[in-house]
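As stored in input.tsv (TSV, N, CA and C atoms):
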chain	number	residue	atom	x	y	z
O	1	MET	N	-238.55	-174.98	2.45
O	1	MET	CA	-238.33	-176.15	1.66
O	1	MET	C	-239.62	-176.95	1.57
O	2	ALA	N	-239.94	-177.37	0.40
O	2	ALA	CA	-241.20	-178.05	0.18
O	2	ALA	C	-241.18	-179.46	0.76
O	3	ASN	N	-240.14	-180.19	0.53
O	3	ASN	CA	-240.07	-181.56	1.03
O	3	ASN	C	-238.63	-181.98	1.23
O	4	PHE	N	-238.45	-183.23	1.64
O	4	PHE	CA	-237.12	-183.72	1.95
O	4	PHE	C	-236.21	-183.75	0.72
O	5	LYS	N	-236.76	-184.16	-0.43
O	5	LYS	CA	-235.95	-184.26	-1.64
O	5	LYS	C	-235.46	-182.87	-2.08
O	6	ALA	N	-236.32	-181.87	-2.00
O	6	ALA	CA	-235.91	-180.51	-2.38
O	6	ALA	C	-234.82	-179.99	-1.44
O	7	GLY	N	-234.93	-180.27	-0.16
O	7	GLY	CA	-233.90	-179.85	0.79
O	7	GLY	C	-232.57	-180.52	0.54
O	8	ARG	N	-232.62	-181.81	0.24
O	8	ARG	CA	-231.40	-182.54	-0.06
O	8	ARG	C	-230.77	-182.03	-1.35
O	9	MET	N	-231.61	-181.76	-2.36
O	9	MET	CA	-231.09	-181.26	-3.63
O	9	MET	C	-230.50	-179.87	-3.46
O	10	SER	N	-231.09	-179.04	-2.63
O	10	SER	CA	-230.56	-177.69	-2.44
O	10	SER	C	-229.17	-177.74	-1.81
O	11	GLU	N	-228.95	-178.63	-0.85
O	11	GLU	CA	-227.63	-178.77	-0.26
O	11	GLU	C	-226.62	-179.32	-1.26
O	12	ASP	N	-227.06	-180.26	-2.10
O	12	ASP	CA	-226.17	-180.80	-3.13
O	12	ASP	C	-225.80	-179.72	-4.14
O	13	LEU	N	-226.77	-178.91	-4.57
O	13	LEU	CA	-226.49	-177.82	-5.51
O	13	LEU	C	-225.52	-176.82	-4.90
O	14	ARG	N	-225.72	-176.50	-3.65
O	14	ARG	CA	-224.85	-175.55	-2.96
O	14	ARG	C	-223.41	-176.06	-2.93
O	15	ARG	N	-223.25	-177.34	-2.62
O	15	ARG	CA	-221.92	-177.94	-2.55
O	15	ARG	C	-221.25	-177.99	-3.92
O	16	ILE	N	-221.99	-178.40	-4.95
O	16	ILE	CA	-221.43	-178.54	-6.29
O	16	ILE	C	-221.06	-177.18	-6.87
O	17	ILE	N	-221.94	-176.20	-6.73
O	17	ILE	CA	-221.67	-174.87	-7.30
O	17	ILE	C	-220.49	-174.22	-6.58
O	18	SER	N	-220.39	-174.39	-5.27
O	18	SER	CA	-219.24	-173.84	-4.54
O	18	SER	C	-217.93	-174.42	-5.06
O	19	ALA	N	-217.92	-175.72	-5.33
O	19	ALA	CA	-216.70	-176.36	-5.82
O	19	ALA	C	-216.39	-175.92	-7.25
O	20	LYS	N	-217.39	-175.82	-8.10
O	20	LYS	CA	-217.17	-175.51	-9.51
O	20	LYS	C	-216.87	-174.03	-9.75
O	21	MET	N	-217.21	-173.15	-8.81
O	21	MET	CA	-216.92	-171.72	-8.98
O	21	MET	C	-215.42	-171.49	-9.07
O	22	ARG	N	-214.63	-172.32	-8.39
O	22	ARG	CA	-213.18	-172.16	-8.41
O	22	ARG	C	-212.58	-172.55	-9.75
O	23	GLU	N	-213.29	-173.42	-10.51
O	23	GLU	CA	-212.77	-173.89	-11.79
O	23	GLU	C	-213.14	-172.98	-12.96
O	24	LEU	N	-214.07	-172.06	-12.76
O	24	LEU	CA	-214.51	-171.20	-13.85
O	24	LEU	C	-213.41	-170.20	-14.21
O	25	LYS	N	-213.29	-169.93	-15.51
O	25	LYS	CA	-212.23	-169.05	-16.00
O	25	LYS	C	-212.74	-167.65	-16.34
O	26	ASP	N	-213.91	-167.31	-15.90
O	26	ASP	CA	-214.49	-166.00	-16.18
O	26	ASP	C	-213.74	-164.92	-15.39
O	27	PRO	N	-213.31	-163.84	-16.04
O	27	PRO	CA	-212.56	-162.79	-15.32
O	27	PRO	C	-213.40	-162.08	-14.25
O	28	ARG	N	-214.72	-162.16	-14.36
O	28	ARG	CA	-215.58	-161.53	-13.34
O	28	ARG	C	-215.58	-162.32	-12.04
O	29	LEU	N	-215.11	-163.57	-12.09
O	29	LEU	CA	-215.06	-164.41	-10.90
O	29	LEU	C	-213.66	-164.52	-10.32
O	30	LYS	N	-212.68	-163.95	-10.97
O	30	LYS	CA	-211.29	-164.03	-10.51
O	30	LYS	C	-210.92	-162.77	-9.74
O	31	GLY	N	-209.63	-162.63	-9.54
O	31	GLY	CA	-209.13	-161.42	-8.89
O	31	GLY	C	-209.17	-161.52	-7.37
O	32	GLY	N	-209.11	-162.72	-6.83
O	32	GLY	CA	-209.07	-162.88	-5.39
O	32	GLY	C	-210.41	-162.69	-4.71
O	33	MET	N	-211.49	-162.83	-5.46
O	33	MET	CA	-212.82	-162.67	-4.87
O	33	MET	C	-213.12	-163.79	-3.89
O	34	MET	N	-213.63	-163.42	-2.76
O	34	MET	CA	-214.07	-164.40	-1.77
O	34	MET	C	-215.58	-164.56	-1.92
O	35	LEU	N	-215.98	-165.51	-2.76
O	35	LEU	CA	-217.40	-165.73	-3.03
O	35	LEU	C	-217.93	-166.86	-2.17
O	36	THR	N	-219.18	-166.73	-1.80
O	36	THR	CA	-219.85	-167.72	-0.97
O	36	THR	C	-221.24	-167.98	-1.52
O	37	VAL	N	-221.61	-169.25	-1.57
O	37	VAL	CA	-223.00	-169.60	-1.87
O	37	VAL	C	-223.72	-169.60	-0.53
O	38	VAL	N	-224.52	-168.57	-0.32
O	38	VAL	CA	-225.17	-168.38	0.97
O	38	VAL	C	-226.32	-169.36	1.16
O	39	ARG	N	-227.17	-169.42	0.16
O	39	ARG	CA	-228.37	-170.25	0.28
O	39	ARG	C	-228.79	-170.72	-1.09
O	40	CYS	N	-229.48	-171.82	-1.14
O	40	CYS	CA	-230.00	-172.36	-2.38
O	40	CYS	C	-231.42	-172.84	-2.12
O	41	ASP	N	-232.37	-172.28	-2.84
O	41	ASP	CA	-233.77	-172.68	-2.70
O	41	ASP	C	-234.20	-173.42	-3.95
O	42	VAL	N	-234.68	-174.65	-3.77
O	42	VAL	CA	-235.13	-175.47	-4.90
O	42	VAL	C	-236.65	-175.60	-4.82
O	43	ALA	N	-237.31	-175.46	-5.96
O	43	ALA	CA	-238.76	-175.64	-6.01
O	43	ALA	C	-239.11	-177.08	-5.65
O	44	GLY	N	-240.34	-177.29	-5.21
O	44	GLY	CA	-240.78	-178.61	-4.78
O	44	GLY	C	-240.66	-179.68	-5.85
O	45	ASP	N	-240.88	-179.32	-7.11
O	45	ASP	CA	-240.77	-180.30	-8.19
O	45	ASP	C	-239.35	-180.39	-8.75
O	46	GLY	N	-238.43	-179.57	-8.26
O	46	GLY	CA	-237.04	-179.64	-8.70
O	46	GLY	C	-236.78	-179.01	-10.05
O	47	SER	N	-237.68	-178.16	-10.51
O	47	SER	CA	-237.51	-177.57	-11.83
O	47	SER	C	-236.83	-176.20	-11.81
O	48	PHE	N	-236.71	-175.58	-10.65
O	48	PHE	CA	-236.19	-174.23	-10.56
O	48	PHE	C	-235.38	-174.10	-9.27
O	49	ALA	N	-234.25	-173.39	-9.34
O	49	ALA	CA	-233.42	-173.18	-8.15
O	49	ALA	C	-232.91	-171.74	-8.12
O	50	LYS	N	-233.02	-171.11	-6.96
O	50	LYS	CA	-232.46	-169.79	-6.73
O	50	LYS	C	-231.21	-169.96	-5.89
O	51	ILE	N	-230.10	-169.44	-6.39
O	51	ILE	CA	-228.83	-169.55	-5.69
O	51	ILE	C	-228.38	-168.15	-5.29
O	52	TYR	N	-228.20	-167.93	-4.00
O	52	TYR	CA	-227.82	-166.63	-3.47
O	52	TYR	C	-226.31	-166.60	-3.28
O	53	ILE	N	-225.66	-165.63	-3.94
O	53	ILE	CA	-224.20	-165.49	-3.95
O	53	ILE	C	-223.82	-164.23	-3.17
O	54	SER	N	-222.82	-164.35	-2.31
O	54	SER	CA	-222.35	-163.21	-1.54
O	54	SER	C	-220.83	-163.10	-1.66
O	55	SER	N	-220.33	-161.88	-1.52
O	55	SER	CA	-218.90	-161.63	-1.59
O	55	SER	C	-218.47	-160.84	-0.36
O	56	LEU	N	-217.32	-161.19	0.20
O	56	LEU	CA	-216.81	-160.46	1.35
O	56	LEU	C	-216.30	-159.08	0.97
O	57	GLU	N	-216.00	-158.88	-0.32
O	57	GLU	CA	-215.50	-157.59	-0.77
O	57	GLU	C	-216.61	-156.56	-0.98
O	58	GLY	N	-217.84	-156.98	-0.94
O	58	GLY	CA	-218.94	-156.03	-1.07
O	58	GLY	C	-220.00	-156.49	-2.06
O	59	PHE	N	-221.09	-155.75	-2.04
O	59	PHE	CA	-222.25	-156.11	-2.85
O	59	PHE	C	-221.99	-155.92	-4.34
O	60	GLU	N	-221.19	-154.93	-4.72
O	60	GLU	CA	-220.88	-154.70	-6.14
O	60	GLU	C	-220.11	-155.88	-6.73
O	61	ASN	N	-219.18	-156.44	-5.98
O	61	ASN	CA	-218.45	-157.62	-6.45
O	61	ASN	C	-219.37	-158.82	-6.57
O	62	ALA	N	-220.35	-158.92	-5.69
O	62	ALA	CA	-221.31	-160.02	-5.78
O	62	ALA	C	-222.15	-159.88	-7.05
O	63	LYS	N	-222.51	-158.65	-7.41
O	63	LYS	CA	-223.28	-158.42	-8.64
O	63	LYS	C	-222.47	-158.82	-9.87
O	64	GLU	N	-221.18	-158.49	-9.88
O	64	GLU	CA	-220.31	-158.88	-10.99
O	64	GLU	C	-220.16	-160.39	-11.07
O	65	ALA	N	-220.05	-161.02	-9.92
O	65	ALA	CA	-219.92	-162.48	-9.89
O	65	ALA	C	-221.18	-163.14	-10.41
O	66	VAL	N	-222.33	-162.57	-10.11
O	66	VAL	CA	-223.60	-163.13	-10.61
O	66	VAL	C	-223.64	-163.06	-12.13
O	67	LYS	N	-223.13	-161.97	-12.70
O	67	LYS	CA	-223.08	-161.86	-14.17
O	67	LYS	C	-222.19	-162.96	-14.75
O	68	GLY	N	-221.06	-163.22	-14.12
O	68	GLY	CA	-220.17	-164.28	-14.57
O	68	GLY	C	-220.79	-165.66	-14.44
O	69	LEU	N	-221.51	-165.88	-13.35
O	69	LEU	CA	-222.16	-167.17	-13.15
O	69	LEU	C	-223.33	-167.38	-14.12
O	70	GLU	N	-224.02	-166.30	-14.45
O	70	GLU	CA	-225.10	-166.40	-15.44
O	70	GLU	C	-224.56	-166.83	-16.80
O	71	SER	N	-223.37	-166.34	-17.15
O	71	SER	CA	-222.80	-166.73	-18.43
O	71	SER	C	-222.26	-168.17	-18.41
O	72	ALA	N	-221.96	-168.69	-17.23
O	72	ALA	CA	-221.46	-170.06	-17.10
O	72	ALA	C	-222.58	-171.03	-16.71
O	73	LYS	N	-223.82	-170.60	-16.84
O	73	LYS	CA	-224.96	-171.41	-16.41
O	73	LYS	C	-225.02	-172.76	-17.11
O	74	GLY	N	-224.73	-172.80	-18.40
O	74	GLY	CA	-224.77	-174.06	-19.15
O	74	GLY	C	-223.76	-175.07	-18.63
O	75	PHE	N	-222.55	-174.61	-18.37
O	75	PHE	CA	-221.52	-175.48	-17.82
O	75	PHE	C	-221.93	-176.02	-16.45
O	76	LEU	N	-222.46	-175.14	-15.60
O	76	LEU	CA	-222.86	-175.56	-14.27
O	76	LEU	C	-224.01	-176.55	-14.30
O	77	LYS	N	-224.96	-176.33	-15.20
O	77	LYS	CA	-226.09	-177.26	-15.31
O	77	LYS	C	-225.62	-178.64	-15.77
O	78	ARG	N	-224.67	-178.67	-16.71
O	78	ARG	CA	-224.14	-179.94	-17.17
O	78	ARG	C	-223.41	-180.68	-16.05
O	79	GLU	N	-222.61	-179.95	-15.29
O	79	GLU	CA	-221.87	-180.56	-14.18
O	79	GLU	C	-222.82	-181.07	-13.10
O	80	ILE	N	-223.86	-180.31	-12.80
O	80	ILE	CA	-224.84	-180.73	-11.80
O	80	ILE	C	-225.54	-182.00	-12.26
O	81	SER	N	-225.94	-182.05	-13.54
O	81	SER	CA	-226.61	-183.23	-14.07
O	81	SER	C	-225.71	-184.46	-14.02
O	82	ASN	N	-224.43	-184.27	-14.32
O	82	ASN	CA	-223.50	-185.39	-14.30
O	82	ASN	C	-223.25	-185.91	-12.89
O	83	VAL	N	-223.09	-185.01	-11.94
O	83	VAL	CA	-222.78	-185.42	-10.57
O	83	VAL	C	-224.00	-186.05	-9.90
O	84	LEU	N	-225.18	-185.43	-10.06
O	84	LEU	CA	-226.38	-185.91	-9.37
O	84	LEU	C	-227.17	-186.94	-10.18
O	85	LYS	N	-226.72	-187.22	-11.41
O	85	LYS	CA	-227.39	-188.18	-12.29
O	85	LYS	C	-228.86	-187.80	-12.49
O	86	LEU	N	-229.08	-186.52	-12.82
O	86	LEU	CA	-230.44	-186.02	-13.04
O	86	LEU	C	-230.82	-186.12	-14.50
O	87	ARG	N	-232.06	-186.45	-14.75
O	87	ARG	CA	-232.55	-186.45	-16.12
O	87	ARG	C	-232.77	-185.02	-16.60
O	88	LYS	N	-233.31	-184.18	-15.71
O	88	LYS	CA	-233.55	-182.78	-16.05
O	88	LYS	C	-233.01	-181.92	-14.91
O	89	CYS	N	-232.04	-181.10	-15.24
O	89	CYS	CA	-231.43	-180.23	-14.25
O	89	CYS	C	-232.34	-179.03	-14.00
O	90	PRO	N	-232.42	-178.54	-12.75
O	90	PRO	CA	-233.25	-177.35	-12.50
O	90	PRO	C	-232.71	-176.12	-13.20
O	91	GLU	N	-233.60	-175.21	-13.54
O	91	GLU	CA	-233.21	-173.92	-14.11
O	91	GLU	C	-232.58	-173.10	-12.99
O	92	LEU	N	-231.39	-172.57	-13.23
O	92	LEU	CA	-230.64	-171.86	-12.20
O	92	LEU	C	-230.85	-170.36	-12.32
O	93	LYS	N	-231.10	-169.72	-11.18
O	93	LYS	CA	-231.22	-168.26	-11.11
O	93	LYS	C	-230.28	-167.79	-10.02
O	94	PHE	N	-229.27	-167.00	-10.40
O	94	PHE	CA	-228.29	-166.50	-9.44
O	94	PHE	C	-228.71	-165.12	-8.97
O	95	ILE	N	-228.63	-164.91	-7.66
O	95	ILE	CA	-229.06	-163.65	-7.05
O	95	ILE	C	-227.93	-163.15	-6.15
O	96	ALA	N	-227.57	-161.88	-6.31
O	96	ALA	CA	-226.54	-161.27	-5.46
O	96	ALA	C	-227.13	-161.01	-4.08
O	97	ASP	N	-226.35	-161.31	-3.06
O	97	ASP	CA	-226.80	-161.19	-1.68
O	97	ASP	C	-225.72	-160.45	-0.90
O	98	ASN	N	-226.11	-159.60	0.02
O	98	ASN	CA	-225.12	-158.85	0.79
O	98	ASN	C	-225.03	-159.33	2.24
O	99	SER	N	-225.37	-160.56	2.50
O	99	SER	CA	-225.38	-161.04	3.88
O	99	SER	C	-223.96	-161.19	4.45
O	100	ALA	N	-222.98	-161.56	3.64
O	100	ALA	CA	-221.61	-161.68	4.15
O	100	ALA	C	-221.07	-160.30	4.55
O	101	GLU	N	-221.32	-159.32	3.72
O	101	GLU	CA	-220.90	-157.95	4.03
O	101	GLU	C	-221.61	-157.46	5.29
O	102	HIS	N	-222.88	-157.78	5.41
O	102	HIS	CA	-223.67	-157.37	6.57
O	102	HIS	C	-223.15	-158.05	7.84
O	103	SER	N	-222.78	-159.32	7.75
O	103	SER	CA	-222.28	-160.03	8.93
O	103	SER	C	-220.92	-159.49	9.36
O	104	VAL	N	-220.08	-159.07	8.40
O	104	VAL	CA	-218.80	-158.47	8.74
O	104	VAL	C	-219.01	-157.15	9.48
O	105	ALA	N	-219.99	-156.36	9.03
O	105	ALA	CA	-220.30	-155.09	9.70
O	105	ALA	C	-220.81	-155.34	11.13
O	106	ILE	N	-221.66	-156.32	11.31
O	106	ILE	CA	-222.17	-156.64	12.64
O	106	ILE	C	-221.03	-157.12	13.54
O	107	ASN	N	-220.12	-157.92	12.98
O	107	ASN	CA	-218.98	-158.41	13.76
O	107	ASN	C	-218.10	-157.25	14.23
O	108	LYS	N	-217.89	-156.25	13.38
O	108	LYS	CA	-217.09	-155.08	13.78
O	108	LYS	C	-217.78	-154.32	14.91
O	109	ILE	N	-219.09	-154.18	14.83
O	109	ILE	CA	-219.84	-153.49	15.89
O	109	ILE	C	-219.72	-154.25	17.20
O	110	LEU	N	-219.87	-155.57	17.14
O	110	LEU	CA	-219.78	-156.37	18.36
O	110	LEU	C	-218.37	-156.35	18.95
O	111	LYS	N	-217.35	-156.33	18.10
O	111	LYS	CA	-215.98	-156.23	18.62
O	111	LYS	C	-215.77	-154.87	19.29
O	112	GLY	N	-216.40	-153.84	18.75
O	112	GLY	CA	-216.30	-152.52	19.37
O	112	GLY	C	-216.90	-152.51	20.77
O	113	PHE	N	-218.02	-153.21	20.95
O	113	PHE	CA	-218.64	-153.30	22.27
O	113	PHE	C	-217.78	-154.10	23.23
O	114	SER	N	-217.20	-155.19	22.76
O	114	SER	CA	-216.40	-156.03	23.66
O	114	SER	C	-215.12	-155.32	24.07
O	115	ASP	N	-214.56	-154.46	23.20
O	115	ASP	CA	-213.36	-153.72	23.55
O	115	ASP	C	-213.65	-152.67	24.62
O	116	LYS	N	-214.83	-152.06	24.58
O	116	LYS	CA	-215.20	-151.03	25.55
O	116	LYS	C	-215.46	-151.62	26.93
O	117	GLU	N	-215.90	-152.87	26.99
O	117	GLU	CA	-216.27	-153.48	28.26
O	117	GLU	C	-215.09	-154.07	29.00
O	118	LYS	N	-213.93	-154.18	28.36
O	118	LYS	CA	-212.76	-154.75	29.04
O	118	LYS	C	-212.27	-153.80	30.12
O	119	PRO	N	-212.06	-154.31	31.31
O	119	PRO	CA	-211.52	-153.43	32.38
O	119	PRO	C	-210.06	-153.14	32.10
O	120	GLU	N	-209.66	-151.91	32.39
O	120	GLU	CA	-208.27	-151.53	32.19
O	120	GLU	C	-207.42	-152.06	33.34
O	121	GLU	N	-206.31	-152.67	32.96
O	121	GLU	CA	-205.41	-153.23	33.97
O	121	GLU	C	-204.43	-152.14	34.41
O	122	GLU	N	-204.10	-152.19	35.69
O	122	GLU	CA	-203.19	-151.17	36.23
O	122	GLU	C	-201.83	-151.72	36.46
For this file, write the structure as structure tokens.
Amino acid sequence: MANFKAGRMSEDLRRIISAKMRELKDPRLKGGMMLTVVRCDVAGDGSFAKIYISSLEGFENAKEAVKGLESAKGFLKREISNVLKLRKCPELKFIADNSAEHSVAINKILKGFSDKEKPEEE
């Protein structure tokens, strides 16, 4: 993060986009998808933002969700400008991320280790 304002704006963007994703009517975002805004990076001057989207159902679903979010970019920019009272909203770039899927896999591995270490009761 370049400065305090960019960090604050990235958290605000993350919060707003997470809330507005539920209101979108795009079929690529529906169907019980568990989408998460993993991270949001805002440029120092606030003109550009990268939003990382992850899905618990897998990386392919995250890619489909990114396509749906790209088509709803205008709506999201308008909502962000209205909520944050910005004169110029940052340009949004959505990127599919597989960190949620990766964390689920790591959790399964760790549960496997903890199950093996339990002593058997007699």
> With only C-alpha atoms as the basis for distance, which of O:Ile109, O:Leu35, O:Ile95, O:Ile16 is at the shortest distance from Asn82 in chain O?
Replying inline: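 Comparing O:Ile109, O:Leu35, O:Ile95, O:Ile16 against Asn82 in chain O, the winner is O:Ile16.
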Around range 18-27 of chain O, with edges along x, y and z and 8 Å added on all six sides, what centre and edge lengths do you get, in Å to one decimal, as AutoDock Vina command-line options?
--center_x -216.3 --center_y -169.2 --center_z -10.4 --size_x 24.2 --size_y 30.3 --size_z 27.8
> Which residues in chain O does DSSP call strand (DSSP E or B)? List them as a list in words.
Replying inline: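 Strand (DSSP E or B) assignments inside chain O correspond to Leu35, Thr36, Val37, Val38, Arg39, Cys40, Asp41, Val42, Phe48, Ala49, Lys50, Ile51, Tyr52, Ile53, Ser54, Ser55, Glu91, Leu92, Lys93, Phe94, Ile95, Ala96 and Asp97 of chain O.
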Write a file of the selected residues as a short mmCIF file (atom, residue, chain, number, x, y, z; two decimals), in the coordinates of the input, keeping N, CA and C atoms.
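Output contents, as saved in part30.cif:
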data_model
loop_
_atom_site.label_atom_id
_atom_site.label_comp_id
_atom_site.auth_asym_id
_atom_site.auth_seq_id
_atom_site.Cartn_x
_atom_site.Cartn_y
_atom_site.Cartn_z
N LEU O 35 -215.98 -165.51 -2.76
CA LEU O 35 -217.40 -165.73 -3.03
C LEU O 35 -217.93 -166.86 -2.17
N THR O 36 -219.18 -166.73 -1.80
CA THR O 36 -219.85 -167.72 -0.97
C THR O 36 -221.24 -167.98 -1.52
N VAL O 37 -221.61 -169.25 -1.57
CA VAL O 37 -223.00 -169.60 -1.87
C VAL O 37 -223.72 -169.60 -0.53
N VAL O 38 -224.52 -168.57 -0.32
CA VAL O 38 -225.17 -168.38 0.97
C VAL O 38 -226.32 -169.36 1.16
N ARG O 39 -227.17 -169.42 0.16
CA ARG O 39 -228.37 -170.25 0.28
C ARG O 39 -228.79 -170.72 -1.09
N CYS O 40 -229.48 -171.82 -1.14
CA CYS O 40 -230.00 -172.36 -2.38
C CYS O 40 -231.42 -172.84 -2.12
N ASP O 41 -232.37 -172.28 -2.84
CA ASP O 41 -233.77 -172.68 -2.70
C ASP O 41 -234.20 -173.42 -3.95
N VAL O 42 -234.68 -174.65 -3.77
CA VAL O 42 -235.13 -175.47 -4.90
C VAL O 42 -236.65 -175.60 -4.82
N PHE O 48 -236.71 -175.58 -10.65
CA PHE O 48 -236.19 -174.23 -10.56
C PHE O 48 -235.38 -174.10 -9.27
N ALA O 49 -234.25 -173.39 -9.34
CA ALA O 49 -233.42 -173.18 -8.15
C ALA O 49 -232.91 -171.74 -8.12
N LYS O 50 -233.02 -171.11 -6.96
CA LYS O 50 -232.46 -169.79 -6.73
C LYS O 50 -231.21 -169.96 -5.89
N ILE O 51 -230.10 -169.44 -6.39
CA ILE O 51 -228.83 -169.55 -5.69
C ILE O 51 -228.38 -168.15 -5.29
N TYR O 52 -228.20 -167.93 -4.00
CA TYR O 52 -227.82 -166.63 -3.47
C TYR O 52 -226.31 -166.60 -3.28
N ILE O 53 -225.66 -165.63 -3.94
CA ILE O 53 -224.20 -165.49 -3.95
C ILE O 53 -223.82 -164.23 -3.17
N SER O 54 -222.82 -164.35 -2.31
CA SER O 54 -222.35 -163.21 -1.54
C SER O 54 -220.83 -163.10 -1.66
N SER O 55 -220.33 -161.88 -1.52
CA SER O 55 -218.90 -161.63 -1.59
C SER O 55 -218.47 -160.84 -0.36
N GLU O 91 -233.60 -175.21 -13.54
CA GLU O 91 -233.21 -173.92 -14.11
C GLU O 91 -232.58 -173.10 -12.99
N LEU O 92 -231.39 -172.57 -13.23
CA LEU O 92 -230.64 -171.86 -12.20
C LEU O 92 -230.85 -170.36 -12.32
N LYS O 93 -231.10 -169.72 -11.18
CA LYS O 93 -231.22 -168.26 -11.11
C LYS O 93 -230.28 -167.79 -10.02
N PHE O 94 -229.27 -167.00 -10.40
CA PHE O 94 -228.29 -166.50 -9.44
C PHE O 94 -228.71 -165.12 -8.97
N ILE O 95 -228.63 -164.91 -7.66
CA ILE O 95 -229.06 -163.65 -7.05
C ILE O 95 -227.93 -163.15 -6.15
N ALA O 96 -227.57 -161.88 -6.31
CA ALA O 96 -226.54 -161.27 -5.46
C ALA O 96 -227.13 -161.01 -4.08
N ASP O 97 -226.35 -161.31 -3.06
CA ASP O 97 -226.80 -161.19 -1.68
C ASP O 97 -225.72 -160.45 -0.90
#
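Restricting the calculation to only C-alpha atoms, the smallest distance between Glu11 in chain O and any of O:Leu69, O:Leu56, O:Ala105, O:Leu84 is found for O:Leu84.
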Residues near Ala72 in chain O, anyone? I mean within 8 Å using only C-alpha atoms, not counting same-chain ones fewer than 4 positions away, as an mmCIF file with N, CA and C atoms, in the coordinates of the input.
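Output file around_4.cif follows:
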data_model
loop_
_atom_site.group_PDB
_atom_site.id
_atom_site.type_symbol
_atom_site.label_atom_id
_atom_site.label_comp_id
_atom_site.auth_asym_id
_atom_site.auth_seq_id
_atom_site.Cartn_x
_atom_site.Cartn_y
_atom_site.Cartn_z
ATOM 1 N N LEU O 24 -214.070 -172.060 -12.760
ATOM 2 C CA LEU O 24 -214.510 -171.200 -13.850
ATOM 3 C C LEU O 24 -213.410 -170.200 -14.210
ATOM 4 N N GLY O 68 -221.060 -163.220 -14.120
ATOM 5 C CA GLY O 68 -220.170 -164.280 -14.570
ATOM 6 C C GLY O 68 -220.790 -165.660 -14.440
ATOM 7 N N LEU O 76 -222.460 -175.140 -15.600
ATOM 8 C CA LEU O 76 -222.860 -175.560 -14.270
ATOM 9 C C LEU O 76 -224.010 -176.550 -14.300
#
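Atom pair atom N of Glu60 in chain O / CA of Ala19 in chain O has a distance of 21.9 Å (rounded to one decimal).
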> By how many Å are CA of Val66 in chain O and atom N of Arg28 in chain O apart?
Replying inline: 9.7 Å
> DSSP on the backbone: what in range 7-116 of chain O comes out helix (DSSP H, G or I), as a PyMOL selection string?
Replying inline: chain O and resi 7-21+27-29+59-71+73-84+99-116
> For Ile53 in chain O, which residue out of O:Ala6, O:Ala96, O:Ile106, O:Met21 is the nearest one, using only N, CA and C atoms?
Replying inline: O:Ala96
> In Å, how far is it from CA of Arg39 in chain O to CA of Glu79 in chain O?
Replying inline: 18.9 Å
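Restricting the calculation to only C-alpha atoms, the smallest distance between Phe94 in chain O and any of O:Ile80, O:Ala43, O:Ile51, O:Ala65 is found for O:Ile51.
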>> Excluding Ala100 in chain O and its own-chain neighbours fewer than 4 positions away, which residues fall within 6 Å of it when counting all atoms listed in the file? Please give them as number ranges by chain.
In response: O: 54-56, 104
Any chance you could export the current selection's N, CA and C atoms as a compact mmCIF listing (two decimals), in the frame of the given file?
# COMPACT_ATOMS: atom_id res chain seq x y z
N SER O 54 -222.82 -164.35 -2.31
CA SER O 54 -222.35 -163.21 -1.54
C SER O 54 -220.83 -163.10 -1.66
N SER O 55 -220.33 -161.88 -1.52
CA SER O 55 -218.90 -161.63 -1.59
C SER O 55 -218.47 -160.84 -0.36
N LEU O 56 -217.32 -161.19 0.20
CA LEU O 56 -216.81 -160.46 1.35
C LEU O 56 -216.30 -159.08 0.97
N VAL O 104 -220.08 -159.07 8.40
CA VAL O 104 -218.80 -158.47 8.74
C VAL O 104 -219.01 -157.15 9.48
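Among the candidates O:Ser103, O:Ser10, O:Ser114, O:Asn98, the residue lying nearest to Val42 in chain O is O:Ser10 (atoms considered: all atoms listed in the file).
The smallest atom-to-atom distance between Phe59 in chain O and any of O:Lys30, O:Lys108, O:Lys93, O:His102, using all atoms listed in the file, is found for O:His102.
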Residue rebuild result range 83-89 of chain O, N, CA, C and O atoms as an mmCIF file, in the coordinates of the input:
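Okay, this is what ended up in rebuild06.cif:
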data_model
loop_
_atom_site.group_PDB
_atom_site.id
_atom_site.type_symbol
_atom_site.label_atom_id
_atom_site.label_comp_id
_atom_site.auth_asym_id
_atom_site.auth_seq_id
_atom_site.Cartn_x
_atom_site.Cartn_y
_atom_site.Cartn_z
ATOM 1 N N VAL O 83 -223.090 -185.010 -11.940
ATOM 2 C CA VAL O 83 -222.780 -185.420 -10.570
ATOM 3 C C VAL O 83 -224.000 -186.050 -9.900
ATOM 4 O O VAL O 83 -223.904 -187.105 -9.271
ATOM 5 N N LEU O 84 -225.180 -185.430 -10.060
ATOM 6 C CA LEU O 84 -226.380 -185.910 -9.370
ATOM 7 C C LEU O 84 -227.170 -186.940 -10.180
ATOM 8 O O LEU O 84 -228.180 -187.441 -9.696
ATOM 9 N N LYS O 85 -226.720 -187.220 -11.410
ATOM 10 C CA LYS O 85 -227.390 -188.180 -12.290
ATOM 11 C C LYS O 85 -228.860 -187.800 -12.490
ATOM 12 O O LYS O 85 -229.764 -188.624 -12.359
ATOM 13 N N LEU O 86 -229.080 -186.520 -12.820
ATOM 14 C CA LEU O 86 -230.440 -186.020 -13.040
ATOM 15 C C LEU O 86 -230.820 -186.120 -14.500
ATOM 16 O O LEU O 86 -230.005 -185.866 -15.382
ATOM 17 N N ARG O 87 -232.060 -186.450 -14.750
ATOM 18 C CA ARG O 87 -232.550 -186.450 -16.120
ATOM 19 C C ARG O 87 -232.770 -185.020 -16.600
ATOM 20 O O ARG O 87 -232.467 -184.659 -17.707
ATOM 21 N N LYS O 88 -233.310 -184.180 -15.710
ATOM 22 C CA LYS O 88 -233.550 -182.780 -16.050
ATOM 23 C C LYS O 88 -233.010 -181.920 -14.910
ATOM 24 O O LYS O 88 -233.467 -182.025 -13.773
ATOM 25 N N CYS O 89 -232.040 -181.100 -15.240
ATOM 26 C CA CYS O 89 -231.430 -180.230 -14.250
ATOM 27 C C CYS O 89 -232.340 -179.030 -14.000
ATOM 28 O O CYS O 89 -232.983 -178.528 -14.916
#
